[in-house]
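Shown here: target_30.cif, mmCIF, C-alpha atoms.
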data_target
loop_
_atom_site.group_PDB
_atom_site.id
_atom_site.type_symbol
_atom_site.label_atom_id
_atom_site.label_comp_id
_atom_site.auth_asym_id
_atom_site.auth_seq_id
_atom_site.Cartn_x
_atom_site.Cartn_y
_atom_site.Cartn_z
ATOM 1 C CA MET A 1398 -1.090 26.543 -64.637
ATOM 2 C CA SER A 1399 -3.300 29.278 -66.095
ATOM 3 C CA GLU A 1400 -7.103 29.050 -65.997
ATOM 4 C CA THR A 1401 -7.279 28.840 -69.797
ATOM 5 C CA LEU A 1402 -4.663 26.091 -69.935
ATOM 6 C CA SER A 1403 -6.424 24.073 -67.244
ATOM 7 C CA GLU A 1404 -9.730 24.337 -69.111
ATOM 8 C CA THR A 1405 -8.008 23.283 -72.351
ATOM 9 C CA THR A 1406 -6.465 20.284 -70.582
ATOM 10 C CA PHE A 1407 -9.864 19.184 -69.309
ATOM 11 C CA PHE A 1408 -11.494 19.718 -72.705
ATOM 12 C CA GLU A 1409 -8.894 17.483 -74.371
ATOM 13 C CA LEU A 1410 -9.317 14.730 -71.768
ATOM 14 C CA ARG A 1411 -13.099 14.952 -71.590
ATOM 15 C CA PRO A 1412 -13.984 12.319 -74.257
ATOM 16 C CA ARG A 1413 -11.898 9.663 -72.473
ATOM 17 C CA LEU A 1414 -13.385 10.624 -69.112
ATOM 18 C CA VAL A 1415 -16.910 10.318 -70.487
ATOM 19 C CA ARG A 1416 -15.958 6.936 -71.975
ATOM 20 C CA LEU A 1417 -14.679 5.742 -68.584
ATOM 21 C CA ALA A 1418 -17.798 6.938 -66.766
ATOM 22 C CA TYR A 1419 -20.052 5.366 -69.395
ATOM 23 C CA ARG A 1420 -18.232 2.029 -69.112
ATOM 24 C CA MET A 1421 -18.701 2.174 -65.341
ATOM 25 C CA LEU A 1422 -22.368 3.226 -65.382
ATOM 26 C CA GLY A 1423 -23.883 2.185 -68.731
ATOM 27 C CA SER A 1424 -25.631 5.549 -69.083
ATOM 28 C CA VAL A 1425 -24.525 8.454 -71.246
ATOM 29 C CA ALA A 1426 -26.536 10.983 -69.221
ATOM 30 C CA ASP A 1427 -25.081 9.762 -65.926
ATOM 31 C CA ALA A 1428 -21.586 9.747 -67.434
ATOM 32 C CA GLU A 1429 -22.007 13.348 -68.609
ATOM 33 C CA ASP A 1430 -23.171 14.385 -65.133
ATOM 34 C CA ILE A 1431 -20.198 12.670 -63.503
ATOM 35 C CA VAL A 1432 -17.716 14.355 -65.826
ATOM 36 C CA GLN A 1433 -19.366 17.741 -65.288
ATOM 37 C CA ASP A 1434 -18.931 17.248 -61.531
ATOM 38 C CA ALA A 1435 -15.312 16.240 -62.132
ATOM 39 C CA SER A 1436 -14.710 19.422 -64.131
ATOM 40 C CA LEU A 1437 -15.869 21.568 -61.209
ATOM 41 C CA ARG A 1438 -13.555 19.674 -58.865
ATOM 42 C CA TRP A 1439 -10.712 20.080 -61.354
ATOM 43 C CA LEU A 1440 -11.177 23.848 -61.484
ATOM 44 C CA ALA A 1441 -11.227 23.997 -57.680
ATOM 45 C CA THR A 1442 -7.983 21.973 -57.400
ATOM 46 C CA ASP A 1443 -4.481 23.388 -56.869
ATOM 47 C CA ARG A 1444 -3.381 22.173 -60.288
ATOM 48 C CA SER A 1445 0.257 23.167 -59.761
ATOM 49 C CA SER A 1446 0.563 20.063 -57.575
ATOM 50 C CA VAL A 1447 -0.911 17.703 -60.205
ATOM 51 C CA ARG A 1448 1.818 15.819 -62.072
ATOM 52 C CA GLU A 1449 -0.428 13.830 -64.410
ATOM 53 C CA PRO A 1450 -3.797 15.496 -65.097
ATOM 54 C CA ALA A 1451 -5.139 12.464 -67.010
ATOM 55 C CA ALA A 1452 -4.514 10.053 -64.125
ATOM 56 C CA PHE A 1453 -5.727 12.589 -61.586
ATOM 57 C CA LEU A 1454 -9.002 13.119 -63.443
ATOM 58 C CA ARG A 1455 -9.580 9.398 -63.998
ATOM 59 C CA ILE A 1456 -9.240 8.950 -60.242
ATOM 60 C CA ILE A 1457 -11.826 11.672 -59.581
ATOM 61 C CA VAL A 1458 -14.245 10.222 -62.150
ATOM 62 C CA THR A 1459 -13.813 6.696 -60.779
ATOM 63 C CA ARG A 1460 -14.567 7.767 -57.221
ATOM 64 C CA LEU A 1461 -17.661 9.637 -58.349
ATOM 65 C CA CYS A 1462 -18.794 6.600 -60.362
ATOM 66 C CA LEU A 1463 -18.325 4.264 -57.400
ATOM 67 C CA ASN A 1464 -20.617 6.513 -55.365
ATOM 68 C CA GLU A 1465 -23.167 6.610 -58.186
ATOM 69 C CA LEU A 1466 -23.111 2.820 -58.598
ATOM 70 C CA LYS A 1467 -24.528 2.349 -55.102
ATOM 71 C CA SER A 1468 -27.778 4.050 -56.070
ATOM 72 C CA ALA A 1469 -27.652 2.669 -59.622
ATOM 73 C CA ARG A 1470 -27.592 -0.889 -58.283
ATOM 74 C CA ARG A 1471 -30.682 -0.189 -56.197
ATOM 75 C CA ARG A 1472 -32.459 1.149 -59.293
ATOM 76 C CA ARG A 1473 -31.469 -1.937 -61.313
ATOM 77 C CA GLU A 1474 -33.018 -4.225 -58.699
ATOM 78 C CA SER A 1475 -36.445 -2.705 -59.424
ATOM 79 C CA TYR A 1476 -35.912 -2.381 -63.190
ATOM 80 C CA VAL A 1477 -38.722 -3.823 -65.323
ATOM 81 C CA GLY A 1478 -37.490 -6.551 -67.698
ATOM 82 C CA SER A 1479 -34.007 -6.891 -69.179
ATOM 83 C CA TRP A 1480 -31.547 -4.037 -68.545
ATOM 84 C CA LEU A 1481 -29.265 -3.031 -71.409
ATOM 85 C CA PRO A 1482 -26.747 -0.178 -71.406
ATOM 86 C CA GLU A 1483 -27.714 3.007 -73.195
ATOM 87 C CA PRO A 1484 -26.638 2.529 -76.843
ATOM 88 C CA ILE A 1485 -23.737 4.564 -78.173
ATOM 89 C CA PHE A 1486 -22.514 4.636 -81.738
ATOM 90 C CA ASP A 1487 -19.114 4.724 -83.414
ATOM 91 C CA PRO A 1488 -16.961 7.158 -81.425
ATOM 92 C CA GLU A 1489 -15.229 9.802 -83.482
ATOM 93 C CA ASP A 1490 -11.987 9.538 -81.543
ATOM 94 C CA GLY A 1491 -10.042 6.290 -81.334
ATOM 95 C CA ASP A 1492 -9.905 5.053 -77.775
ATOM 96 C CA ALA A 1493 -8.727 1.916 -76.007
ATOM 97 C CA ALA A 1494 -12.198 1.548 -74.500
ATOM 98 C CA ASP A 1495 -13.728 1.131 -77.941
ATOM 99 C CA ASP A 1496 -12.872 -2.569 -77.734
ATOM 100 C CA ILE A 1497 -15.551 -2.932 -75.072
ATOM 101 C CA THR A 1498 -18.637 -4.365 -76.723
ATOM 102 C CA LEU A 1499 -22.186 -4.612 -75.431
ATOM 103 C CA PRO A 1500 -21.757 -8.232 -74.203
ATOM 104 C CA LEU A 1501 -18.689 -7.131 -72.236
ATOM 105 C CA MET A 1502 -20.673 -4.224 -70.776
ATOM 106 C CA LEU A 1503 -23.228 -6.730 -69.516
ATOM 107 C CA ALA A 1504 -20.434 -8.868 -68.071
ATOM 108 C CA LEU A 1505 -19.113 -5.797 -66.253
ATOM 109 C CA GLU A 1506 -22.575 -5.373 -64.732
ATOM 110 C CA ARG A 1507 -22.156 -8.717 -62.986
ATOM 111 C CA LEU A 1508 -18.930 -7.630 -61.293
ATOM 112 C CA SER A 1509 -18.679 -5.783 -58.016
ATOM 113 C CA PRO A 1510 -18.108 -2.022 -58.429
ATOM 114 C CA LEU A 1511 -14.497 -2.369 -57.244
ATOM 115 C CA GLU A 1512 -13.790 -5.254 -59.646
ATOM 116 C CA ARG A 1513 -15.258 -3.253 -62.485
ATOM 117 C CA ALA A 1514 -13.189 -0.185 -61.610
ATOM 118 C CA ALA A 1515 -9.935 -2.139 -61.244
ATOM 119 C CA PHE A 1516 -10.456 -3.928 -64.557
ATOM 120 C CA LEU A 1517 -11.372 -0.807 -66.516
ATOM 121 C CA LEU A 1518 -8.642 1.401 -65.084
ATOM 122 C CA HIS A 1519 -5.836 -1.141 -65.478
ATOM 123 C CA ASP A 1520 -6.782 -3.416 -68.385
ATOM 124 C CA VAL A 1521 -8.645 -0.900 -70.543
ATOM 125 C CA PHE A 1522 -7.284 2.532 -69.667
ATOM 126 C CA GLY A 1523 -3.728 1.427 -68.858
ATOM 127 C CA MET A 1524 -3.329 2.854 -65.361
ATOM 128 C CA ASP A 1525 -0.716 1.242 -63.114
ATOM 129 C CA PHE A 1526 -1.923 -0.436 -59.949
ATOM 130 C CA ASP A 1527 -0.605 2.303 -57.671
ATOM 131 C CA ASP A 1528 -2.915 4.792 -59.394
ATOM 132 C CA VAL A 1529 -5.747 2.240 -59.402
ATOM 133 C CA ALA A 1530 -5.227 1.832 -55.663
ATOM 134 C CA SER A 1531 -5.505 5.583 -55.179
ATOM 135 C CA ALA A 1532 -8.689 5.677 -57.256
ATOM 136 C CA ILE A 1533 -10.613 2.936 -55.463
ATOM 137 C CA GLY A 1534 -9.121 3.174 -51.968
ATOM 138 C CA ARG A 1535 -7.476 -0.256 -51.820
ATOM 139 C CA GLU A 1536 -3.855 -1.385 -51.657
ATOM 140 C CA ALA A 1537 -2.151 -2.188 -54.970
ATOM 141 C CA PRO A 1538 -1.947 -5.987 -54.304
ATOM 142 C CA ALA A 1539 -5.686 -6.024 -53.588
ATOM 143 C CA CYS A 1540 -6.287 -4.152 -56.846
ATOM 144 C CA ARG A 1541 -4.302 -6.792 -58.726
ATOM 145 C CA LYS A 1542 -6.592 -9.483 -57.308
ATOM 146 C CA LEU A 1543 -9.716 -7.480 -58.134
ATOM 147 C CA ALA A 1544 -8.565 -6.989 -61.736
ATOM 148 C CA SER A 1545 -7.582 -10.642 -62.044
ATOM 149 C CA ARG A 1546 -10.986 -11.839 -60.826
ATOM 150 C CA ALA A 1547 -12.726 -9.438 -63.194
ATOM 151 C CA ARG A 1548 -10.530 -10.568 -66.090
ATOM 152 C CA ALA A 1549 -11.511 -14.197 -65.492
ATOM 153 C CA HIS A 1550 -15.218 -13.299 -65.417
ATOM 154 C CA VAL A 1551 -15.180 -11.284 -68.635
ATOM 155 C CA ALA A 1552 -12.767 -13.472 -70.639
ATOM 156 C CA GLU A 1553 -15.577 -15.588 -72.072
ATOM 157 C CA THR A 1554 -17.368 -12.523 -73.444
ATOM 158 C CA ARG A 1555 -14.426 -11.522 -75.644
ATOM 159 C CA PRO A 1556 -15.280 -12.453 -79.234
ATOM 160 C CA ARG A 1557 -13.276 -15.504 -80.306
ATOM 161 C CA PHE A 1558 -13.891 -14.811 -83.976
ATOM 162 C CA ALA A 1559 -14.361 -11.062 -84.278
ATOM 163 C CA VAL A 1560 -16.410 -10.022 -87.284
ATOM 164 C CA GLY A 1561 -15.163 -7.118 -89.394
ATOM 165 C CA ARG A 1562 -17.223 -3.949 -89.645
ATOM 166 C CA GLU A 1563 -18.172 -4.439 -93.304
ATOM 167 C CA GLN A 1564 -19.167 -8.071 -92.862
ATOM 168 C CA GLY A 1565 -21.017 -7.281 -89.640
ATOM 169 C CA LEU A 1566 -23.133 -4.590 -91.276
ATOM 170 C CA LYS A 1567 -23.773 -6.916 -94.230
ATOM 171 C CA LEU A 1568 -25.204 -9.498 -91.820
ATOM 172 C CA ALA A 1569 -27.196 -6.780 -90.039
ATOM 173 C CA THR A 1570 -28.708 -5.833 -93.398
ATOM 174 C CA ALA A 1571 -29.584 -9.462 -94.120
ATOM 175 C CA PHE A 1572 -31.151 -9.829 -90.665
ATOM 176 C CA PHE A 1573 -33.227 -6.665 -91.043
ATOM 177 C CA THR A 1574 -34.489 -7.728 -94.473
ATOM 178 C CA ALA A 1575 -35.339 -11.296 -93.444
ATOM 179 C CA SER A 1576 -37.015 -10.344 -90.163
ATOM 180 C CA ARG A 1577 -39.080 -7.499 -91.630
ATOM 181 C CA THR A 1578 -40.217 -9.336 -94.758
ATOM 182 C CA GLY A 1579 -41.074 -12.515 -92.867
ATOM 183 C CA ASP A 1580 -38.545 -14.652 -94.747
ATOM 184 C CA MET A 1581 -38.220 -17.253 -92.002
ATOM 185 C CA ALA A 1582 -35.902 -19.548 -93.977
ATOM 186 C CA ALA A 1583 -33.409 -16.730 -94.588
ATOM 187 C CA LEU A 1584 -33.716 -15.611 -90.970
ATOM 188 C CA GLN A 1585 -33.107 -19.069 -89.555
ATOM 189 C CA ALA A 1586 -29.978 -19.422 -91.689
ATOM 190 C CA LEU A 1587 -28.519 -16.363 -89.921
ATOM 191 C CA LEU A 1588 -29.123 -17.561 -86.367
ATOM 192 C CA SER A 1589 -27.107 -19.896 -84.135
ATOM 193 C CA GLU A 1590 -28.796 -22.772 -82.317
ATOM 194 C CA ASP A 1591 -28.359 -21.049 -78.940
ATOM 195 C CA VAL A 1592 -29.324 -17.538 -80.042
ATOM 196 C CA VAL A 1593 -30.834 -15.244 -77.376
ATOM 197 C CA VAL A 1594 -32.990 -12.110 -77.743
ATOM 198 C CA TYR A 1595 -32.876 -9.432 -75.025
ATOM 199 C CA ALA A 1596 -35.263 -6.482 -75.133
ATOM 200 C CA ASP A 1597 -35.110 -3.415 -72.882
ATOM 201 C CA GLY A 1598 -38.304 -1.385 -72.690
ATOM 202 C CA GLY A 1599 -37.841 -0.323 -69.084
ATOM 203 C CA GLY A 1600 -41.561 -0.797 -68.495
ATOM 204 C CA LYS A 1601 -42.160 2.289 -70.668
ATOM 205 C CA VAL A 1602 -43.042 0.623 -73.997
ATOM 206 C CA PRO A 1603 -44.286 -2.880 -74.916
ATOM 207 C CA THR A 1604 -41.567 -5.518 -75.013
ATOM 208 C CA SER A 1605 -40.764 -9.020 -73.791
ATOM 209 C CA ARG A 1606 -39.737 -8.884 -70.145
ATOM 210 C CA ARG A 1607 -37.745 -12.102 -70.287
ATOM 211 C CA PRO A 1608 -35.075 -13.148 -72.775
ATOM 212 C CA HIS A 1609 -36.085 -15.515 -75.596
ATOM 213 C CA ILE A 1610 -33.549 -18.332 -75.452
ATOM 214 C CA GLY A 1611 -32.761 -20.842 -78.199
ATOM 215 C CA LEU A 1612 -33.491 -21.036 -81.911
ATOM 216 C CA ALA A 1613 -37.051 -22.368 -81.577
ATOM 217 C CA ALA A 1614 -38.112 -19.612 -79.177
ATOM 218 C CA VAL A 1615 -36.475 -16.877 -81.258
ATOM 219 C CA MET A 1616 -38.031 -18.136 -84.497
ATOM 220 C CA LEU A 1617 -41.481 -18.234 -82.835
ATOM 221 C CA LEU A 1618 -40.956 -14.646 -81.657
ATOM 222 C CA HIS A 1619 -40.090 -13.482 -85.169
ATOM 223 C CA GLU A 1620 -43.034 -15.319 -86.700
ATOM 224 C CA GLN A 1621 -45.237 -13.282 -84.351
ATOM 225 C CA LEU A 1622 -43.363 -10.078 -85.144
ATOM 226 C CA ALA A 1623 -43.624 -10.708 -88.895
ATOM 227 C CA ARG A 1624 -47.407 -10.506 -88.629
ATOM 228 C CA ILE A 1625 -47.062 -7.139 -86.879
ATOM 229 C CA PHE A 1626 -44.578 -5.864 -89.468
ATOM 230 C CA ARG A 1627 -47.078 -6.592 -92.255
ATOM 231 C CA THR A 1628 -49.537 -4.056 -90.837
ATOM 232 C CA GLN A 1629 -47.031 -1.772 -89.061
ATOM 233 C CA PRO A 1630 -43.825 -1.777 -91.130
ATOM 234 C CA SER A 1631 -40.502 -0.850 -89.520
ATOM 235 C CA GLN A 1632 -38.990 2.427 -90.641
ATOM 236 C CA LEU A 1633 -35.247 1.954 -91.081
ATOM 237 C CA ILE A 1634 -33.308 5.046 -89.993
ATOM 238 C CA HIS A 1635 -29.786 3.745 -90.618
ATOM 239 C CA TYR A 1636 -27.376 0.870 -90.063
ATOM 240 C CA ALA A 1637 -24.743 1.475 -87.396
ATOM 241 C CA VAL A 1638 -22.145 -0.020 -85.083
ATOM 242 C CA ILE A 1639 -23.798 0.067 -81.651
ATOM 243 C CA ASP A 1640 -21.577 -0.467 -78.621
ATOM 244 C CA GLY A 1641 -19.117 -2.291 -80.840
ATOM 245 C CA LEU A 1642 -21.742 -4.515 -82.497
ATOM 246 C CA PRO A 1643 -23.306 -4.243 -85.970
ATOM 247 C CA GLY A 1644 -26.946 -3.253 -85.977
ATOM 248 C CA PHE A 1645 -29.520 -0.700 -86.986
ATOM 249 C CA VAL A 1646 -31.848 2.028 -85.756
ATOM 250 C CA THR A 1647 -35.564 1.843 -86.544
ATOM 251 C CA VAL A 1648 -38.894 3.368 -85.697
ATOM 252 C CA GLU A 1649 -41.367 0.615 -84.902
ATOM 253 C CA GLY A 1650 -45.171 0.515 -84.635
ATOM 254 C CA GLY A 1651 -46.581 3.153 -82.339
ATOM 255 C CA ASN A 1652 -43.698 5.492 -83.249
ATOM 256 C CA VAL A 1653 -41.270 3.701 -80.915
ATOM 257 C CA ALA A 1654 -37.554 4.280 -81.521
ATOM 258 C CA GLN A 1655 -35.429 1.138 -81.274
ATOM 259 C CA THR A 1656 -31.818 0.106 -81.641
ATOM 260 C CA THR A 1657 -30.984 -3.499 -82.545
ATOM 261 C CA ALA A 1658 -27.434 -4.760 -81.999
ATOM 262 C CA LEU A 1659 -26.243 -8.192 -83.154
ATOM 263 C CA HIS A 1660 -23.545 -10.272 -81.487
ATOM 264 C CA ILE A 1661 -22.037 -12.406 -84.244
ATOM 265 C CA GLU A 1662 -19.724 -15.393 -83.882
ATOM 266 C CA GLN A 1663 -18.505 -17.466 -86.842
ATOM 267 C CA GLU A 1664 -20.956 -15.784 -89.235
ATOM 268 C CA LYS A 1665 -23.949 -16.631 -87.008
ATOM 269 C CA ILE A 1666 -25.978 -14.323 -84.778
ATOM 270 C CA VAL A 1667 -25.682 -15.541 -81.188
ATOM 271 C CA ALA A 1668 -27.468 -12.661 -79.445
ATOM 272 C CA ILE A 1669 -29.872 -9.884 -80.416
ATOM 273 C CA TYR A 1670 -30.090 -6.795 -78.182
ATOM 274 C CA CYS A 1671 -33.117 -4.520 -78.693
ATOM 275 C CA THR A 1672 -33.244 -1.255 -76.765
ATOM 276 C CA ARG A 1673 -36.661 0.431 -76.754
ATOM 277 C CA ASN A 1674 -36.680 2.314 -73.447
ATOM 278 C CA PRO A 1675 -37.268 5.930 -74.566
ATOM 279 C CA ASP A 1676 -35.226 7.235 -71.630
ATOM 280 C CA LYS A 1677 -32.166 5.595 -73.219
ATOM 281 C CA LEU A 1678 -32.879 6.831 -76.741
ATOM 282 C CA GLN A 1679 -33.375 10.557 -76.191
ATOM 283 C CA HIS A 1680 -30.413 11.400 -78.451
ATOM 284 C CA ILE A 1681 -31.956 9.304 -81.256
ATOM 285 C CA ILE A 1682 -35.473 10.681 -80.759
ATOM 286 C CA GLY A 1683 -34.090 14.230 -80.723
ATOM 287 C CA ALA A 1684 -32.137 13.642 -83.938
ATOM 288 C CA MET A 1685 -35.234 12.229 -85.698
ATOM 289 C CA ALA A 1686 -37.246 15.311 -84.732
ATOM 290 C CA HIS A 1687 -34.899 17.621 -86.650
#

Translate this structure into structure tokens?
Amino acid sequence: MSETLSETTFFELRPRLVRLAYRMLGSVADAEDIVQDASLRWLATDRSSVREPAAFLRIIVTRLCLNELKSARRRRESYVGSWLPEPIFDPEDGDAADDITLPLMLALERLSPLERAAFLLHDVFGMDFDDVASAIGREAPACRKLASRARAHVAETRPRFAVGREQGLKLATAFFTASRTGDMAALQALLSEDVVVYADGGGKVPTSRRPHIGLAAVMLLHEQLARIFRTQPSQLIHYAVIDGLPGFVTVEGGNVAQTTALHIEQEKIVAIYCTRNPDKLQHIIGAMAH
């Protein structure tokens, strides 16, 4: 295989490799670093012996991610407040992994690294268990058990009544309007009884360090926020699909960038995910500066 052809092959596969690494790690920057490392290993490989470049590269990326997860888990243990994955927006290329929403990403966080890898490689990226076994260093029967356990854990996070894109963004618009204008009656009508708010500031910007659980707690939070919005209005940047969920990007008081993603079931908001950690929003902050 010529050098140019090998580079073209990697370039074509790169978006899926980044998607895999992101699903494993929850960080775009870390995923990019992993895939860059994989590209160097690819170029140093005797590619004439590689039958399936896509499977071969997924194996490399998975192994690198498993190594990275060891240190990532240690960092999560000392993380300040709620941890949310770095927000990504609608991908330009259709991919099987696009079905993975933010709630499922959080469910993956609760799995062991090997369970997560087995589930993603087999159930999401369609690899057979022999290749999964090669990727994670376990026998194929063990990989089947790992994937099965993971499947059982994440099954409850799959949306039972998936909301369409248009309807989801319509509800996101209604939520933004009600929450920012202080229309508590309209806001309450959008929320489920067991709604939860998670906010990730990473200890870098002001935010609640614990989730707000239940309708009463969430309404009290928004009554407090409404007073802030009156003197420091939110600047809406745009509505968007964020990690598979409808939501929006704003600049809040103190010039803080924020993404808000809404998990919706049966026309009601069941979870609100606010990411404010500037380390996770560099791509948004950079775009706003231009």

Exercise. So which residues touch stretch 1516-1522 of chain A within 12 Å, counting all atoms listed in the file, skipping near sequence neighbours fewer than 4 positions away, as JSON, numbers by chain?
Worked result: {"A": [1413, 1414, 1416, 1417, 1418, 1419, 1420, 1421, 1422, 1451, 1452, 1454, 1455, 1456, 1458, 1459, 1460, 1492, 1493, 1494, 1495, 1496, 1497, 1501, 1502, 1504, 1505, 1508, 1509, 1510, 1511, 1512, 1526, 1527, 1528, 1529, 1530, 1531, 1532, 1533, 1537, 1540, 1541, 1542, 1543, 1544, 1545, 1546, 1547, 1548, 1549, 1550, 1551, 1552]}

Write to file, as a compact mmCIF listing (two decimals), in the frame of the given file, the residues of the selection just made, with C-alpha atoms.
# COMPACT_ATOMS: atom_id res chain seq x y z
CA ARG A 1413 -11.90 9.66 -72.47
CA LEU A 1414 -13.38 10.62 -69.11
CA ARG A 1416 -15.96 6.94 -71.97
CA LEU A 1417 -14.68 5.74 -68.58
CA ALA A 1418 -17.80 6.94 -66.77
CA TYR A 1419 -20.05 5.37 -69.40
CA ARG A 1420 -18.23 2.03 -69.11
CA MET A 1421 -18.70 2.17 -65.34
CA LEU A 1422 -22.37 3.23 -65.38
CA ALA A 1451 -5.14 12.46 -67.01
CA ALA A 1452 -4.51 10.05 -64.12
CA LEU A 1454 -9.00 13.12 -63.44
CA ARG A 1455 -9.58 9.40 -64.00
CA ILE A 1456 -9.24 8.95 -60.24
CA VAL A 1458 -14.24 10.22 -62.15
CA THR A 1459 -13.81 6.70 -60.78
CA ARG A 1460 -14.57 7.77 -57.22
CA ASP A 1492 -9.90 5.05 -77.78
CA ALA A 1493 -8.73 1.92 -76.01
CA ALA A 1494 -12.20 1.55 -74.50
CA ASP A 1495 -13.73 1.13 -77.94
CA ASP A 1496 -12.87 -2.57 -77.73
CA ILE A 1497 -15.55 -2.93 -75.07
CA LEU A 1501 -18.69 -7.13 -72.24
CA MET A 1502 -20.67 -4.22 -70.78
CA ALA A 1504 -20.43 -8.87 -68.07
CA LEU A 1505 -19.11 -5.80 -66.25
CA LEU A 1508 -18.93 -7.63 -61.29
CA SER A 1509 -18.68 -5.78 -58.02
CA PRO A 1510 -18.11 -2.02 -58.43
CA LEU A 1511 -14.50 -2.37 -57.24
CA GLU A 1512 -13.79 -5.25 -59.65
CA PHE A 1526 -1.92 -0.44 -59.95
CA ASP A 1527 -0.60 2.30 -57.67
CA ASP A 1528 -2.92 4.79 -59.39
CA VAL A 1529 -5.75 2.24 -59.40
CA ALA A 1530 -5.23 1.83 -55.66
CA SER A 1531 -5.50 5.58 -55.18
CA ALA A 1532 -8.69 5.68 -57.26
CA ILE A 1533 -10.61 2.94 -55.46
CA ALA A 1537 -2.15 -2.19 -54.97
CA CYS A 1540 -6.29 -4.15 -56.85
CA ARG A 1541 -4.30 -6.79 -58.73
CA LYS A 1542 -6.59 -9.48 -57.31
CA LEU A 1543 -9.72 -7.48 -58.13
CA ALA A 1544 -8.56 -6.99 -61.74
CA SER A 1545 -7.58 -10.64 -62.04
CA ARG A 1546 -10.99 -11.84 -60.83
CA ALA A 1547 -12.73 -9.44 -63.19
CA ARG A 1548 -10.53 -10.57 -66.09
CA ALA A 1549 -11.51 -14.20 -65.49
CA HIS A 1550 -15.22 -13.30 -65.42
CA VAL A 1551 -15.18 -11.28 -68.64
CA ALA A 1552 -12.77 -13.47 -70.64

Exercise. Could you pull the residues within 12 Å of A:Trp1439, counting all atoms listed in the file, minus those fewer than 3 positions along the same chain, as a PyMOL selection string?
Worked result: chain A and resi 1400+1403-1408+1410-1411+1432-1436+1442-1447+1450-1451+1453-1458

Exercise. Between atom CA of A:Ser1576 and atom CA of A:Gly1598, what is the spacing in Å?
Worked result: 19.7 Å

For this session: Could you jot down the atom CA of A:Val1646 to atom CA of A:Glu1474 separation for me, Å, one decimal place?
Result: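 Separation of atom CA of A:Val1646 and atom CA of A:Glu1474: 27.8 Å.
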
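Closest to A:Leu1633 among A:Pro1538, A:Thr1574, A:Ala1586, A:Arg1472 is A:Thr1574, based on only C-alpha atoms.
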
Exercise. Expanded to explicit residues, what is the PyMOL selection byres ((chain A and resi 1665) around 12) for this file, as a ChimeraX atom specification?
Worked result: /A:1558-1560,1564-1565,1568-1569,1571-1572,1584-1593,1612,1659-1664,1666-1669

For this session: Skip A:Ala1658 itself and residues of its chain fewer than 5 positions away, then list as a list of chain:residue names all residues within 9 Å of it, counting only C-alpha atoms.
Result: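 Final neighbour list, sorted by chain and number: A:Pro1484, A:Leu1499, A:Ala1569, A:Ala1637, A:Val1638, A:Ile1639, A:Asp1640, A:Gly1641, A:Leu1642, A:Pro1643, A:Gly1644, A:Phe1645, A:Val1646, A:Ala1668, A:Ile1669, A:Tyr1670, A:Cys1671, A:Thr1672.
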
Dump of C-alpha atoms for the selected residues, as a PDB file, in the frame of the given file:
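Now in part-v1.pdb:
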ATOM      1  CA  PRO A1484     -26.638   2.529 -76.843  1.00  0.00           C
ATOM      2  CA  LEU A1499     -22.186  -4.612 -75.431  1.00  0.00           C
ATOM      3  CA  ALA A1569     -27.196  -6.780 -90.039  1.00  0.00           C
ATOM      4  CA  ALA A1637     -24.743   1.475 -87.396  1.00  0.00           C
ATOM      5  CA  VAL A1638     -22.145  -0.020 -85.083  1.00  0.00           C
ATOM      6  CA  ILE A1639     -23.798   0.067 -81.651  1.00  0.00           C
ATOM      7  CA  ASP A1640     -21.577  -0.467 -78.621  1.00  0.00           C
ATOM      8  CA  GLY A1641     -19.117  -2.291 -80.840  1.00  0.00           C
ATOM      9  CA  LEU A1642     -21.742  -4.515 -82.497  1.00  0.00           C
ATOM     10  CA  PRO A1643     -23.306  -4.243 -85.970  1.00  0.00           C
ATOM     11  CA  GLY A1644     -26.946  -3.253 -85.977  1.00  0.00           C
ATOM     12  CA  PHE A1645     -29.520  -0.700 -86.986  1.00  0.00           C
ATOM     13  CA  VAL A1646     -31.848   2.028 -85.756  1.00  0.00           C
ATOM     14  CA  ALA A1668     -27.468 -12.661 -79.445  1.00  0.00           C
ATOM     15  CA  ILE A1669     -29.872  -9.884 -80.416  1.00  0.00           C
ATOM     16  CA  TYR A1670     -30.090  -6.795 -78.182  1.00  0.00           C
ATOM     17  CA  CYS A1671     -33.117  -4.520 -78.693  1.00  0.00           C
ATOM     18  CA  THR A1672     -33.244  -1.255 -76.765  1.00  0.00           C
TER      19      THR A1672
END

Exercise. Excluding same-chain residues fewer than 6 positions from A:Ser1605, what lies within 9 Å of it counting all atoms listed in the file, as an NGL selection string?
Worked result: :A and (1478-1479 or 1595-1598)

Taking all atoms of stretch 1620-1634 of chain A that appear in the file, build a box with edges along x, y and z, extend it by 8 Å on every side, and state its centre and edge lengths in Å to one decimal, as JSON.
{"center_x": -41.4, "center_y": -5.1, "center_z": -88.3, "size_x": 32.2, "size_y": 36.4, "size_z": 23.9}

Exercise. Atom CA of A:Gly1650 and atom CA of A:Ile1625 are how many Å apart?
Worked result: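 Between atom CA of A:Gly1650 and atom CA of A:Ile1625 the gap works out to 8.2 Å.
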
For this session: Apply the PyMOL selection byres ((chain A and resi 1677-1679) around 9) to the structure shown and report the selected residues as a ChimeraX atom specification.
Result: /A:1424-1426,1482-1484,1654-1656,1672-1676,1680-1684

Could you give me, as a JSON list (two decimals) with C-alpha atoms, in the coordinates of the input, the residues within 10 Å of A:Asn1652, counting all atoms listed in the file and dropping anything in the same chain fewer than 5 positions from it?
[["chain", "number", "residue", "atom", "x", "y", "z"],
["A", 1629, "GLN", "CA", -47.03, -1.77, -89.06],
["A", 1631, "SER", "CA", -40.50, -0.85, -89.52],
["A", 1632, "GLN", "CA", -38.99, 2.43, -90.64],
["A", 1647, "THR", "CA", -35.56, 1.84, -86.54]]

For this session: Rank A:His1619, A:Arg1535, A:Arg1507, A:Ala1583 by their smallest atom-to-atom distance to A:Thr1570, using all atoms listed in the file, and report the top residue only.
Result: A:Ala1583
